[in-house]
$ cat target-v1.cif   # mmCIF, C-alpha atoms
data_input
#
loop_
_atom_site.group_PDB
_atom_site.id
_atom_site.type_symbol
_atom_site.label_atom_id
_atom_site.label_comp_id
_atom_site.auth_asym_id
_atom_site.auth_seq_id
_atom_site.Cartn_x
_atom_site.Cartn_y
_atom_site.Cartn_z
ATOM 1 C CA MET A 205 29.886 -22.330 28.656
ATOM 2 C CA SER A 206 32.108 -20.457 26.285
ATOM 3 C CA SER A 207 31.940 -18.788 22.922
ATOM 4 C CA SER A 208 34.562 -19.034 20.225
ATOM 5 C CA ASN A 209 36.880 -16.135 19.425
ATOM 6 C CA HIS A 210 37.884 -17.850 16.206
ATOM 7 C CA ILE A 211 38.752 -15.466 13.363
ATOM 8 C CA VAL A 212 37.403 -16.720 10.036
ATOM 9 C CA PRO A 213 39.941 -16.004 7.249
ATOM 10 C CA LEU A 214 38.983 -13.202 4.866
ATOM 11 C CA ASN A 215 39.135 -15.412 1.762
ATOM 12 C CA ILE A 216 36.480 -17.753 3.231
ATOM 13 C CA TYR A 217 34.083 -14.802 3.572
ATOM 14 C CA ILE A 218 34.727 -13.803 -0.039
ATOM 15 C CA LYS A 219 34.243 -17.390 -1.258
ATOM 16 C CA VAL A 220 30.971 -17.721 0.668
ATOM 17 C CA LEU A 221 29.621 -14.494 -0.841
ATOM 18 C CA SER A 222 30.627 -15.662 -4.339
ATOM 19 C CA ALA A 223 28.838 -18.971 -3.765
ATOM 20 C CA LEU A 224 25.737 -17.123 -2.525
ATOM 21 C CA LEU A 225 25.688 -14.880 -5.614
ATOM 22 C CA VAL A 226 26.122 -17.861 -7.961
ATOM 23 C CA LEU A 227 23.272 -19.660 -6.194
ATOM 24 C CA THR A 228 21.080 -16.547 -6.564
ATOM 25 C CA VAL A 229 21.680 -16.604 -10.328
ATOM 26 C CA LEU A 230 20.884 -20.329 -10.261
ATOM 27 C CA THR A 231 17.616 -19.647 -8.398
ATOM 28 C CA VAL A 232 16.499 -17.242 -11.119
ATOM 29 C CA ALA A 233 17.720 -19.582 -13.900
ATOM 30 C CA VAL A 234 15.863 -22.678 -12.687
ATOM 31 C CA ALA A 235 12.708 -20.585 -12.205
ATOM 32 C CA GLN A 236 12.596 -20.104 -15.994
ATOM 33 C CA MET A 237 12.567 -23.885 -16.502
ATOM 34 C CA ASP A 238 9.759 -26.273 -15.726
ATOM 35 C CA PHE A 239 10.452 -29.366 -13.636
ATOM 36 C CA GLY A 240 6.812 -30.045 -12.800
ATOM 37 C CA VAL A 241 6.248 -30.939 -9.161
ATOM 38 C CA PHE A 242 9.964 -30.526 -8.447
ATOM 39 C CA ASN A 243 9.872 -26.746 -9.089
ATOM 40 C CA VAL A 244 9.172 -25.853 -5.468
ATOM 41 C CA LEU A 245 11.519 -28.535 -4.115
ATOM 42 C CA ILE A 246 14.412 -27.284 -6.260
ATOM 43 C CA ALA A 247 13.793 -23.626 -5.337
ATOM 44 C CA MET A 248 13.575 -24.463 -1.625
ATOM 45 C CA GLY A 249 16.614 -26.751 -1.892
ATOM 46 C CA ILE A 250 18.777 -23.968 -3.329
ATOM 47 C CA ALA A 251 17.450 -21.517 -0.711
ATOM 48 C CA THR A 252 18.353 -24.008 2.030
ATOM 49 C CA VAL A 253 21.902 -24.387 0.698
ATOM 50 C CA LYS A 254 22.219 -20.582 0.733
ATOM 51 C CA ALA A 255 20.770 -20.382 4.249
ATOM 52 C CA THR A 256 23.205 -23.062 5.444
ATOM 53 C CA LEU A 257 26.169 -21.093 4.069
ATOM 54 C CA VAL A 258 24.994 -17.935 5.850
ATOM 55 C CA LEU A 259 24.458 -19.860 9.108
ATOM 56 C CA LEU A 260 27.762 -21.736 9.078
ATOM 57 C CA PHE A 261 30.092 -18.943 8.002
ATOM 58 C CA PHE A 262 28.504 -15.502 8.407
ATOM 59 C CA MET A 263 26.785 -16.499 11.650
ATOM 60 C CA HIS A 264 29.826 -18.547 12.750
ATOM 61 C CA LEU A 265 27.824 -21.656 13.689
ATOM 62 C CA LYS A 266 30.580 -23.857 12.236
ATOM 63 C CA TYR A 267 33.088 -22.518 14.760
ATOM 64 C CA ASP A 268 30.924 -21.469 17.684
ATOM 65 C CA ASN A 269 29.453 -23.235 20.696
ATOM 66 C CA LYS A 270 27.244 -26.062 19.391
ATOM 67 C CA LEU A 271 24.511 -25.058 21.840
ATOM 68 C CA PHE A 272 23.625 -22.196 19.452
ATOM 69 C CA LEU A 273 23.227 -24.687 16.615
ATOM 70 C CA VAL A 274 20.944 -26.828 18.792
ATOM 71 C CA ILE A 275 18.786 -23.790 19.657
ATOM 72 C CA PHE A 276 18.471 -22.842 16.000
ATOM 73 C CA LEU A 277 17.599 -26.388 14.907
ATOM 74 C CA THR A 278 14.996 -26.617 17.682
ATOM 75 C CA GLY A 279 13.251 -23.605 16.151
ATOM 76 C CA VAL A 280 13.385 -25.182 12.696
ATOM 77 C CA PHE A 281 12.129 -28.505 14.096
ATOM 78 C CA PHE A 282 9.034 -26.933 15.639
ATOM 79 C CA LEU A 283 8.415 -25.001 12.428
ATOM 80 C CA ILE A 284 8.355 -28.340 10.585
ATOM 81 C CA VAL A 285 5.976 -29.744 13.235
ATOM 82 C CA LEU A 286 3.667 -26.751 12.685
ATOM 83 C CA PHE A 287 3.790 -27.249 8.929
ATOM 84 C CA LEU A 288 3.168 -31.016 9.008
ATOM 85 C CA PHE A 289 0.245 -30.863 11.431
ATOM 86 C CA CYS A 290 -1.425 -28.122 9.362
ATOM 87 C CA GLU A 291 -0.851 -30.177 6.200
ATOM 88 C CA PHE A 292 -2.320 -33.318 7.777
ATOM 89 C CA ASP A 293 -5.359 -31.310 8.843
ATOM 90 C CA ILE A 294 -5.995 -30.006 5.325
ATOM 91 C CA ILE A 295 -5.202 -33.272 3.514
ATOM 92 C CA THR A 296 -7.438 -35.413 5.720
ATOM 93 C CA ARG A 297 -10.524 -33.198 5.385
ATOM 94 C CA ILE A 298 -13.532 -34.585 3.558
ATOM 95 C CA PRO A 299 -14.285 -32.090 0.737
ATOM 96 C CA GLU A 300 -18.089 -32.389 1.083
ATOM 97 C CA ASN A 301 -18.017 -31.343 4.745
ATOM 98 C CA SER A 302 -15.220 -28.787 4.590
ATOM 99 C CA VAL A 303 -15.684 -25.035 4.323
ATOM 100 C CA LEU A 304 -12.271 -24.642 2.693
ATOM 101 C CA MET B 60 46.681 1.534 9.346
ATOM 102 C CA THR B 61 45.595 2.725 12.747
ATOM 103 C CA THR B 62 45.123 -0.093 15.201
ATOM 104 C CA VAL B 63 43.708 1.641 18.241
ATOM 105 C CA GLU B 64 42.908 -0.761 21.057
ATOM 106 C CA ALA B 65 39.329 -0.615 22.275
ATOM 107 C CA LYS B 66 38.478 1.193 25.466
ATOM 108 C CA THR B 67 38.645 -1.488 28.106
ATOM 109 C CA HIS B 68 35.237 -3.067 28.457
ATOM 110 C CA LYS B 69 34.278 -3.783 32.057
ATOM 111 C CA VAL B 70 32.787 -7.256 32.490
ATOM 112 C CA ALA B 71 29.534 -7.090 34.441
ATOM 113 C CA HIS B 72 30.023 -8.253 38.032
ATOM 114 C CA HIS B 73 27.724 -11.276 37.766
ATOM 115 C CA PHE B 74 29.950 -12.936 35.135
ATOM 116 C CA ASP B 75 33.097 -14.931 35.872
ATOM 117 C CA SER B 76 34.900 -13.864 32.716
ATOM 118 C CA ALA B 77 34.591 -11.819 29.540
ATOM 119 C CA ASP B 78 34.221 -15.079 27.649
ATOM 120 C CA GLN B 79 31.276 -16.166 29.780
ATOM 121 C CA GLU B 80 29.645 -12.758 29.357
ATOM 122 C CA LYS B 81 29.928 -12.977 25.578
ATOM 123 C CA ALA B 82 28.594 -16.538 25.471
ATOM 124 C CA ALA B 83 25.594 -15.533 27.604
ATOM 125 C CA SER B 84 24.838 -12.561 25.321
ATOM 126 C CA LYS B 85 24.949 -14.717 22.231
ATOM 127 C CA LEU B 86 22.831 -17.388 23.893
ATOM 128 C CA GLY B 87 20.163 -14.728 24.445
ATOM 129 C CA ILE B 88 20.335 -13.576 20.829
ATOM 130 C CA TRP B 89 20.049 -17.137 19.497
ATOM 131 C CA LEU B 90 16.967 -17.736 21.647
ATOM 132 C CA PHE B 91 15.495 -14.512 20.254
ATOM 133 C CA LEU B 92 16.291 -15.625 16.698
ATOM 134 C CA CYS B 93 14.459 -18.881 17.463
ATOM 135 C CA THR B 94 11.296 -16.897 18.285
ATOM 136 C CA GLU B 95 11.808 -14.891 15.083
ATOM 137 C CA ILE B 96 11.937 -18.085 13.001
ATOM 138 C CA LEU B 97 8.660 -19.211 14.527
ATOM 139 C CA MET B 98 7.008 -15.809 13.971
ATOM 140 C CA PHE B 99 7.947 -15.737 10.282
ATOM 141 C CA GLY B 100 7.322 -19.483 10.158
ATOM 142 C CA GLY B 101 3.609 -18.992 10.749
ATOM 143 C CA LEU B 102 3.428 -16.846 7.618
ATOM 144 C CA PHE B 103 5.490 -19.339 5.615
ATOM 145 C CA VAL B 104 3.218 -22.228 6.635
ATOM 146 C CA GLY B 105 0.133 -20.173 5.743
ATOM 147 C CA TYR B 106 1.694 -19.352 2.387
ATOM 148 C CA ALA B 107 2.466 -23.038 1.677
ATOM 149 C CA LEU B 108 -1.061 -24.207 2.518
ATOM 150 C CA TYR B 109 -2.892 -21.518 0.526
ATOM 151 C CA LYS B 110 -0.502 -21.796 -2.409
ATOM 152 C CA ARG B 111 -1.393 -25.471 -2.752
ATOM 153 C CA MET B 112 -5.118 -24.752 -2.497
ATOM 154 C CA TYR B 113 -5.116 -21.788 -4.915
ATOM 155 C CA PRO B 114 -2.053 -22.123 -7.206
ATOM 156 C CA ASP B 115 -3.631 -19.943 -9.948
ATOM 157 C CA ILE B 116 -3.999 -16.954 -7.632
ATOM 158 C CA PHE B 117 -0.353 -17.112 -6.553
ATOM 159 C CA LEU B 118 0.790 -17.538 -10.140
ATOM 160 C CA GLN B 119 -1.173 -14.487 -11.281
ATOM 161 C CA GLY B 120 -0.121 -12.455 -8.233
ATOM 162 C CA SER B 121 3.569 -13.039 -8.865
ATOM 163 C CA THR B 122 3.241 -11.652 -12.414
ATOM 164 C CA PHE B 123 2.752 -8.200 -10.840
ATOM 165 C CA LEU B 124 6.175 -8.465 -9.199
ATOM 166 C CA ASP B 125 9.383 -7.599 -11.008
ATOM 167 C CA TRP B 126 11.861 -10.397 -10.296
ATOM 168 C CA LYS B 127 14.717 -8.113 -11.336
ATOM 169 C CA LEU B 128 14.008 -5.805 -8.387
ATOM 170 C CA GLY B 129 13.710 -8.847 -6.111
ATOM 171 C CA ALA B 130 17.025 -10.214 -7.372
ATOM 172 C CA LEU B 131 18.655 -6.808 -6.907
ATOM 173 C CA ASN B 132 17.466 -6.713 -3.301
ATOM 174 C CA THR B 133 18.758 -10.259 -2.778
ATOM 175 C CA VAL B 134 22.215 -9.239 -3.931
ATOM 176 C CA VAL B 135 22.099 -6.059 -1.808
ATOM 177 C CA LEU B 136 21.237 -8.052 1.332
ATOM 178 C CA LEU B 137 23.879 -10.722 0.628
ATOM 179 C CA VAL B 138 26.560 -8.047 0.200
ATOM 180 C CA SER B 139 25.388 -6.311 3.376
ATOM 181 C CA SER B 140 25.693 -9.635 5.214
ATOM 182 C CA LEU B 141 29.291 -9.900 4.039
ATOM 183 C CA THR B 142 30.164 -6.362 5.155
ATOM 184 C CA MET B 143 28.484 -7.010 8.530
ATOM 185 C CA ALA B 144 30.627 -10.136 8.969
ATOM 186 C CA LEU B 145 33.708 -8.178 7.841
ATOM 187 C CA SER B 146 33.100 -5.432 10.408
ATOM 188 C CA ILE B 147 33.424 -8.158 13.076
ATOM 189 C CA TYR B 148 36.485 -9.566 11.298
ATOM 190 C CA TYR B 149 38.229 -6.178 11.332
ATOM 191 C CA ALA B 150 37.226 -5.542 14.949
ATOM 192 C CA GLN B 151 38.791 -8.899 15.851
ATOM 193 C CA LYS B 152 41.964 -7.768 14.078
ATOM 194 C CA GLY B 153 41.904 -4.403 15.863
ATOM 195 C CA LYS B 154 41.354 -2.396 12.673
ATOM 196 C CA ASN B 155 38.752 0.014 13.975
ATOM 197 C CA SER B 156 38.404 2.343 10.986
ATOM 198 C CA LYS B 157 37.931 -0.540 8.520
ATOM 199 C CA SER B 158 35.365 -2.058 10.856
ATOM 200 C CA THR B 159 33.471 1.240 10.952
ATOM 201 C CA THR B 160 33.598 1.573 7.155
ATOM 202 C CA CYS B 161 32.071 -1.894 6.816
ATOM 203 C CA LEU B 162 29.247 -0.866 9.142
ATOM 204 C CA TRP B 163 28.590 2.226 7.011
ATOM 205 C CA ILE B 164 28.404 0.063 3.861
ATOM 206 C CA THR B 165 26.007 -2.291 5.632
ATOM 207 C CA LEU B 166 23.793 0.662 6.576
ATOM 208 C CA LEU B 167 23.940 1.959 3.002
ATOM 209 C CA CYS B 168 22.805 -1.467 1.739
ATOM 210 C CA GLY B 169 19.881 -1.252 4.162
ATOM 211 C CA PHE B 170 18.907 2.094 2.615
ATOM 212 C CA ILE B 171 19.171 0.684 -0.926
ATOM 213 C CA PHE B 172 16.997 -2.281 0.071
ATOM 214 C CA MET B 173 14.308 -0.040 1.572
ATOM 215 C CA GLY B 174 14.520 2.310 -1.432
ATOM 216 C CA VAL B 175 13.806 -0.548 -3.822
ATOM 217 C CA LYS B 176 10.987 -1.717 -1.530
ATOM 218 C CA TYR B 177 9.529 1.811 -1.637
ATOM 219 C CA ILE B 178 9.580 1.781 -5.463
ATOM 220 C CA GLU B 179 7.866 -1.622 -5.499
ATOM 221 C CA TYR B 180 5.220 -0.713 -2.911
ATOM 222 C CA SER B 181 4.348 2.657 -4.444
ATOM 223 C CA HIS B 182 4.007 1.098 -7.901
ATOM 224 C CA LYS B 183 1.581 -1.534 -6.573
ATOM 225 C CA LEU B 184 -0.433 0.875 -4.466
ATOM 226 C CA HIS B 185 -0.698 3.159 -7.500
ATOM 227 C CA LEU B 186 -2.241 0.270 -9.456
ATOM 228 C CA GLY B 187 -4.686 -0.395 -6.615
ATOM 229 C CA LEU B 188 -2.979 -3.628 -5.554
ATOM 230 C CA ALA B 189 -3.359 -2.647 -1.904
ATOM 231 C CA PRO B 190 -3.702 -5.006 1.073
ATOM 232 C CA GLY B 191 -7.043 -6.402 2.219
ATOM 233 C CA ASP B 192 -10.134 -4.180 1.901
ATOM 234 C CA PHE B 193 -8.174 -1.471 0.096
ATOM 235 C CA PHE B 194 -7.662 -3.715 -2.926
ATOM 236 C CA SER B 195 -9.125 -1.859 -5.902
ATOM 237 C CA TYR B 196 -7.437 -3.362 -8.951
ATOM 238 C CA THR B 197 -10.015 -4.383 -11.539
ATOM 239 C CA GLU B 198 -9.194 -5.936 -14.861
ATOM 240 C CA THR B 199 -11.311 -8.492 -16.692
ATOM 241 C CA THR B 200 -8.541 -11.083 -16.401
ATOM 242 C CA THR B 201 -8.139 -10.607 -12.647
ATOM 243 C CA LEU B 202 -8.898 -13.680 -10.572
ATOM 244 C CA LYS B 203 -11.462 -13.164 -7.825
ATOM 245 C CA GLY B 204 -9.049 -14.294 -5.110
ATOM 246 C CA LEU B 205 -6.097 -12.117 -6.141
ATOM 247 C CA PRO B 206 -6.200 -10.065 -2.881
ATOM 248 C CA LEU B 207 -5.186 -13.286 -1.074
ATOM 249 C CA TYR B 208 -1.786 -13.225 -2.748
ATOM 250 C CA PHE B 209 -1.274 -9.563 -1.935
ATOM 251 C CA SER B 210 -2.270 -10.077 1.697
ATOM 252 C CA PHE B 211 0.574 -12.603 1.950
ATOM 253 C CA TYR B 212 2.863 -10.318 -0.032
ATOM 254 C CA TYR B 213 2.325 -7.297 2.223
ATOM 255 C CA CYS B 214 2.389 -9.281 5.480
ATOM 256 C CA MET B 215 5.591 -11.141 4.632
ATOM 257 C CA THR B 216 7.551 -8.319 2.998
ATOM 258 C CA GLY B 217 6.142 -5.800 5.492
ATOM 259 C CA LEU B 218 7.242 -7.819 8.527
ATOM 260 C CA HIS B 219 10.591 -8.430 6.851
ATOM 261 C CA GLY B 220 10.972 -4.751 5.918
ATOM 262 C CA SER B 221 10.284 -3.665 9.486
ATOM 263 C CA HIS B 222 13.071 -6.010 10.575
ATOM 264 C CA VAL B 223 15.415 -4.383 8.059
ATOM 265 C CA LEU B 224 14.504 -0.962 9.512
ATOM 266 C CA ALA B 225 15.120 -2.215 13.064
ATOM 267 C CA GLY B 226 18.453 -3.658 11.926
ATOM 268 C CA MET B 227 19.416 -0.320 10.353
ATOM 269 C CA VAL B 228 18.712 1.538 13.608
ATOM 270 C CA LEU B 229 20.858 -0.993 15.494
ATOM 271 C CA ILE B 230 23.677 -0.724 12.936
ATOM 272 C CA PHE B 231 23.579 3.066 13.270
ATOM 273 C CA TRP B 232 23.971 2.598 17.027
ATOM 274 C CA LEU B 233 26.984 0.351 16.358
ATOM 275 C CA ILE B 234 28.483 3.011 14.067
ATOM 276 C CA ILE B 235 28.242 5.621 16.831
ATOM 277 C CA ARG B 236 29.903 3.246 19.307
ATOM 278 C CA SER B 237 32.480 2.226 16.733
ATOM 279 C CA HIS B 238 33.423 5.871 16.151
ATOM 280 C CA LYS B 239 33.905 6.153 19.925
ATOM 281 C CA LYS B 240 36.293 3.185 19.629
ATOM 282 C CA HIS B 241 34.264 0.949 21.922
ATOM 283 C CA PHE B 242 35.123 -2.208 19.989
ATOM 284 C CA GLY B 243 38.375 -4.101 19.516
ATOM 285 C CA PRO B 244 39.893 -7.595 19.663
ATOM 286 C CA SER B 245 38.962 -8.000 23.338
ATOM 287 C CA TYR B 246 35.354 -6.771 23.071
ATOM 288 C CA TYR B 247 33.019 -6.839 20.067
ATOM 289 C CA THR B 248 29.920 -8.585 21.465
ATOM 290 C CA PRO B 249 27.428 -5.905 20.269
ATOM 291 C CA LEU B 250 28.790 -6.263 16.726
ATOM 292 C CA GLU B 251 28.265 -10.022 16.868
ATOM 293 C CA CYS B 252 24.769 -9.817 18.356
ATOM 294 C CA VAL B 253 23.434 -7.225 15.892
ATOM 295 C CA GLY B 254 25.263 -9.136 13.145
ATOM 296 C CA LEU B 255 23.384 -12.330 14.008
ATOM 297 C CA PHE B 256 20.076 -10.435 13.788
ATOM 298 C CA TRP B 257 21.062 -8.866 10.459
ATOM 299 C CA HIS B 258 22.055 -12.260 9.016
ATOM 300 C CA LEU B 259 18.707 -13.731 10.074
ATOM 301 C CA VAL B 260 16.917 -10.956 8.180
ATOM 302 C CA ASP B 261 19.030 -11.903 5.155
ATOM 303 C CA LEU B 262 18.199 -15.575 5.729
ATOM 304 C CA ILE B 263 14.457 -14.891 5.634
ATOM 305 C CA TRP B 264 14.791 -12.900 2.424
ATOM 306 C CA ILE B 265 16.655 -15.860 0.848
ATOM 307 C CA TYR B 266 13.382 -17.810 1.201
ATOM 308 C CA LEU B 267 11.004 -14.903 0.471
ATOM 309 C CA PHE B 268 12.576 -14.080 -2.888
ATOM 310 C CA PRO B 269 11.819 -17.381 -4.712
ATOM 311 C CA LEU B 270 8.489 -17.821 -2.914
ATOM 312 C CA LEU B 271 7.022 -14.432 -3.838
ATOM 313 C CA TYR B 272 8.811 -13.416 -7.041
ATOM 314 C CA LEU B 273 9.474 -16.708 -8.845
ATOM 315 C CA VAL B 274 6.173 -18.571 -8.532
ATOM 316 C CA GLU B 275 5.621 -21.180 -11.238
#

$ encode --input "target-v1.cif" --output "structure tokens"
Amino acid sequence: MSSSNHIVPLNIYIKVLSALLVLTVLTVAVAQMDFGVFNVLIAMGIATVKATLVLLFFMHLKYDNKLFLVIFLTGVFFLIVLFLFCEFDIITRIPENSVL
Amino acid sequence: MTTVEAKTHKVAHHFDSADQEKAASKLGIWLFLCTEILMFGGLFVGYALYKRMYPDIFLQGSTFLDWKLGALNTVVLLVSSLTMALSIYYAQKGKNSKSTTCLWITLLCGFIFMGVKYIEYSHKLHLGLAPGDFFSYTETTTLKGLPLYFSFYYCMTGLHGSHVLAGMVLIFWLIIRSHKKHFGPSYYTPLECVGLFWHLVDLIWIYLFPLLYLVE
């Protein structure tokens, strides 16, 4: 197993930060508008784009050993499993019998 | 520009090469980050479920938060992530003093973040918007379940804030080692490992900011 000693060029770091700042402005801007049920999806979508930029460039996942990417995605996968099972539990409850 | 080579780092005897040692260290950090995602994840899932059940409470709760302070903290953390990455970049290039300066800026950003958090917390506690049983805010328009929102608020930002503090202590440790010229092109593993942790803290804030401050 090895780990990359790749040096990411300085201008890529600057570009990534600029993109992150623009996306932060966008997050605040879309929060002022109403897209109905899509509000949360749009906010989480932008946050995920930002997170991906941080992961790929600041955390070097784009250049590094892909095992690290697999470990990270495993964590995210089980987080989604946790979320879905909890959702199914709540959604499938019968209101009359539930204490919620 | 001074380009002092790092003091030669001695590879621990149970590793074949410096490269293998570094890969093993980073593997450990990534596994740790995985547990961090799942720890914060529990709070995120709880937030999602309760937000759907009681949207009014979360909407009212978020009106007590100033999104401008949240946005400021977002920018501060993003910039600190850049300077953290740059300290590794300069270490890789053998520019020790620039690398150290970047670490100092990162630490400063940590202080700014915690300063803003202190302003936010003290303002809320002053109003009586305290966690759990200590909640004492009473206005006629207040929803009965408002403490629910603030329980999430304090748990999520509190756990995140304690991670920022831990990161600041680690960065201070890096600064001391950097001043002793421990890092250079051939050895900068501690910078990378603490950097990964610091970026994860930034990553979590990227999600916390819209969820807590920009509820619609």

$ resolve_selection --input "target-v1.cif" --expression "the PyMOL selection byres ((chain B) within 8 of (chain A))" --output "ChimeraX atom specification"
/B:78-79,81-82,86,89-90,92-94,96-97,100-101,104,108,130,133-134,137-138,140-141,144-145,148,151,254-255,258,262,265-266,269,273-275

$ resolve_selection --input "target-v1.cif" --expression "the PyMOL selection byres ((chain B and resi 201) around 12)" --output "ChimeraX atom specification"
/B:115-120,122-123,188,194-200,202-206

$ atom_distance --input "target-v1.cif" --atom1 "atom CA of B:Ser210" --atom2 "atom CA of B:Leu124"
13.9 Å

$ resolve_selection --input "target-v1.cif" --expression "the PyMOL selection byres ((chain B and resi 129) around 10)" --output "list in words"
Leu124, Asp125, Trp126, Lys127, Leu128, Ala130, Leu131, Asn132, Thr133, Val134, Val135, Phe172, Val175, Lys176, Glu179, Trp264, Leu267, Phe268, Pro269, Leu271, Tyr272 and Leu273 of chain B

$ atom_distance --input "target-v1.cif" --atom1 "atom CA of B:Leu259" --atom2 "atom CA of B:Phe231"
17.8 Å

$ atom_distance --input "target-v1.cif" --atom1 "atom CA of B:Trp232" --atom2 "atom CA of B:Thr159"
11.4 Å

$ residues_around --input "target-v1.cif" --residues "B:Leu102" --least-positions-apart "4" --cutoff "8 Å" --atoms "only C-alpha atoms" --output "PDB file with C-alpha atoms, in the frame of the given file"
ATOM      1  CA  MET B  98       7.008 -15.809  13.971  1.00  0.00           C
ATOM      2  CA  TYR B 106       1.694 -19.352   2.387  1.00  0.00           C
ATOM      3  CA  PHE B 211       0.574 -12.603   1.950  1.00  0.00           C
ATOM      4  CA  CYS B 214       2.389  -9.281   5.480  1.00  0.00           C
ATOM      5  CA  MET B 215       5.591 -11.141   4.632  1.00  0.00           C
TER       6      MET B 215
END

$ residues_around --input "target-v1.cif" --residues "B:Pro249" --least-positions-apart "2" --cutoff "10 Å" --atoms "only C-alpha atoms" --output "compact mmCIF listing (two decimals) with C-alpha atoms, in the frame of the given file"
# COMPACT_ATOMS: atom_id res chain seq x y z
CA LYS B 81 29.93 -12.98 25.58
CA SER B 84 24.84 -12.56 25.32
CA LYS B 85 24.95 -14.72 22.23
CA ILE B 147 33.42 -8.16 13.08
CA LEU B 229 20.86 -0.99 15.49
CA ILE B 230 23.68 -0.72 12.94
CA TRP B 232 23.97 2.60 17.03
CA LEU B 233 26.98 0.35 16.36
CA ARG B 236 29.90 3.25 19.31
CA HIS B 241 34.26 0.95 21.92
CA PHE B 242 35.12 -2.21 19.99
CA TYR B 246 35.35 -6.77 23.07
CA TYR B 247 33.02 -6.84 20.07
CA GLU B 251 28.26 -10.02 16.87
CA CYS B 252 24.77 -9.82 18.36
CA VAL B 253 23.43 -7.22 15.89
CA GLY B 254 25.26 -9.14 13.14
CA LEU B 255 23.38 -12.33 14.01

$ build_atoms --input "target-v1.cif" --residues "stretch 107-119 of chain B" --atoms "N, CA and C atoms" --output "short mmCIF file (atom, residue, chain, number, x, y, z; two decimals), keeping the file's coordinate frame"
data_model
loop_
_atom_site.label_atom_id
_atom_site.label_comp_id
_atom_site.auth_asym_id
_atom_site.auth_seq_id
_atom_site.Cartn_x
_atom_site.Cartn_y
_atom_site.Cartn_z
N ALA B 107 2.36 -21.71 2.30
CA ALA B 107 2.47 -23.04 1.68
C ALA B 107 1.08 -23.68 1.51
N LEU B 108 0.26 -23.56 2.56
CA LEU B 108 -1.06 -24.21 2.52
C LEU B 108 -1.95 -23.55 1.47
N TYR B 109 -2.01 -22.22 1.47
CA TYR B 109 -2.89 -21.52 0.53
C TYR B 109 -2.39 -21.63 -0.90
N LYS B 110 -1.05 -21.67 -1.06
CA LYS B 110 -0.50 -21.80 -2.41
C LYS B 110 -0.95 -23.11 -3.02
N ARG B 111 -0.98 -24.19 -2.22
CA ARG B 111 -1.39 -25.47 -2.75
C ARG B 111 -2.89 -25.48 -3.08
N MET B 112 -3.67 -24.77 -2.26
CA MET B 112 -5.12 -24.75 -2.50
C MET B 112 -5.49 -23.87 -3.69
N TYR B 113 -4.78 -22.74 -3.83
CA TYR B 113 -5.12 -21.79 -4.92
C TYR B 113 -3.87 -21.45 -5.74
N PRO B 114 -3.29 -22.42 -6.46
CA PRO B 114 -2.05 -22.12 -7.21
C PRO B 114 -2.22 -21.03 -8.25
N ASP B 115 -3.42 -20.95 -8.89
CA ASP B 115 -3.63 -19.94 -9.95
C ASP B 115 -3.48 -18.52 -9.42
N ILE B 116 -4.04 -18.30 -8.21
CA ILE B 116 -4.00 -16.95 -7.63
C ILE B 116 -2.55 -16.52 -7.39
N PHE B 117 -1.75 -17.46 -6.85
CA PHE B 117 -0.35 -17.11 -6.55
C PHE B 117 0.44 -16.90 -7.84
N LEU B 118 0.10 -17.69 -8.86
CA LEU B 118 0.79 -17.54 -10.14
C LEU B 118 0.49 -16.17 -10.73
N GLN B 119 -0.82 -15.79 -10.72
CA GLN B 119 -1.17 -14.49 -11.28
C GLN B 119 -0.58 -13.35 -10.44
#
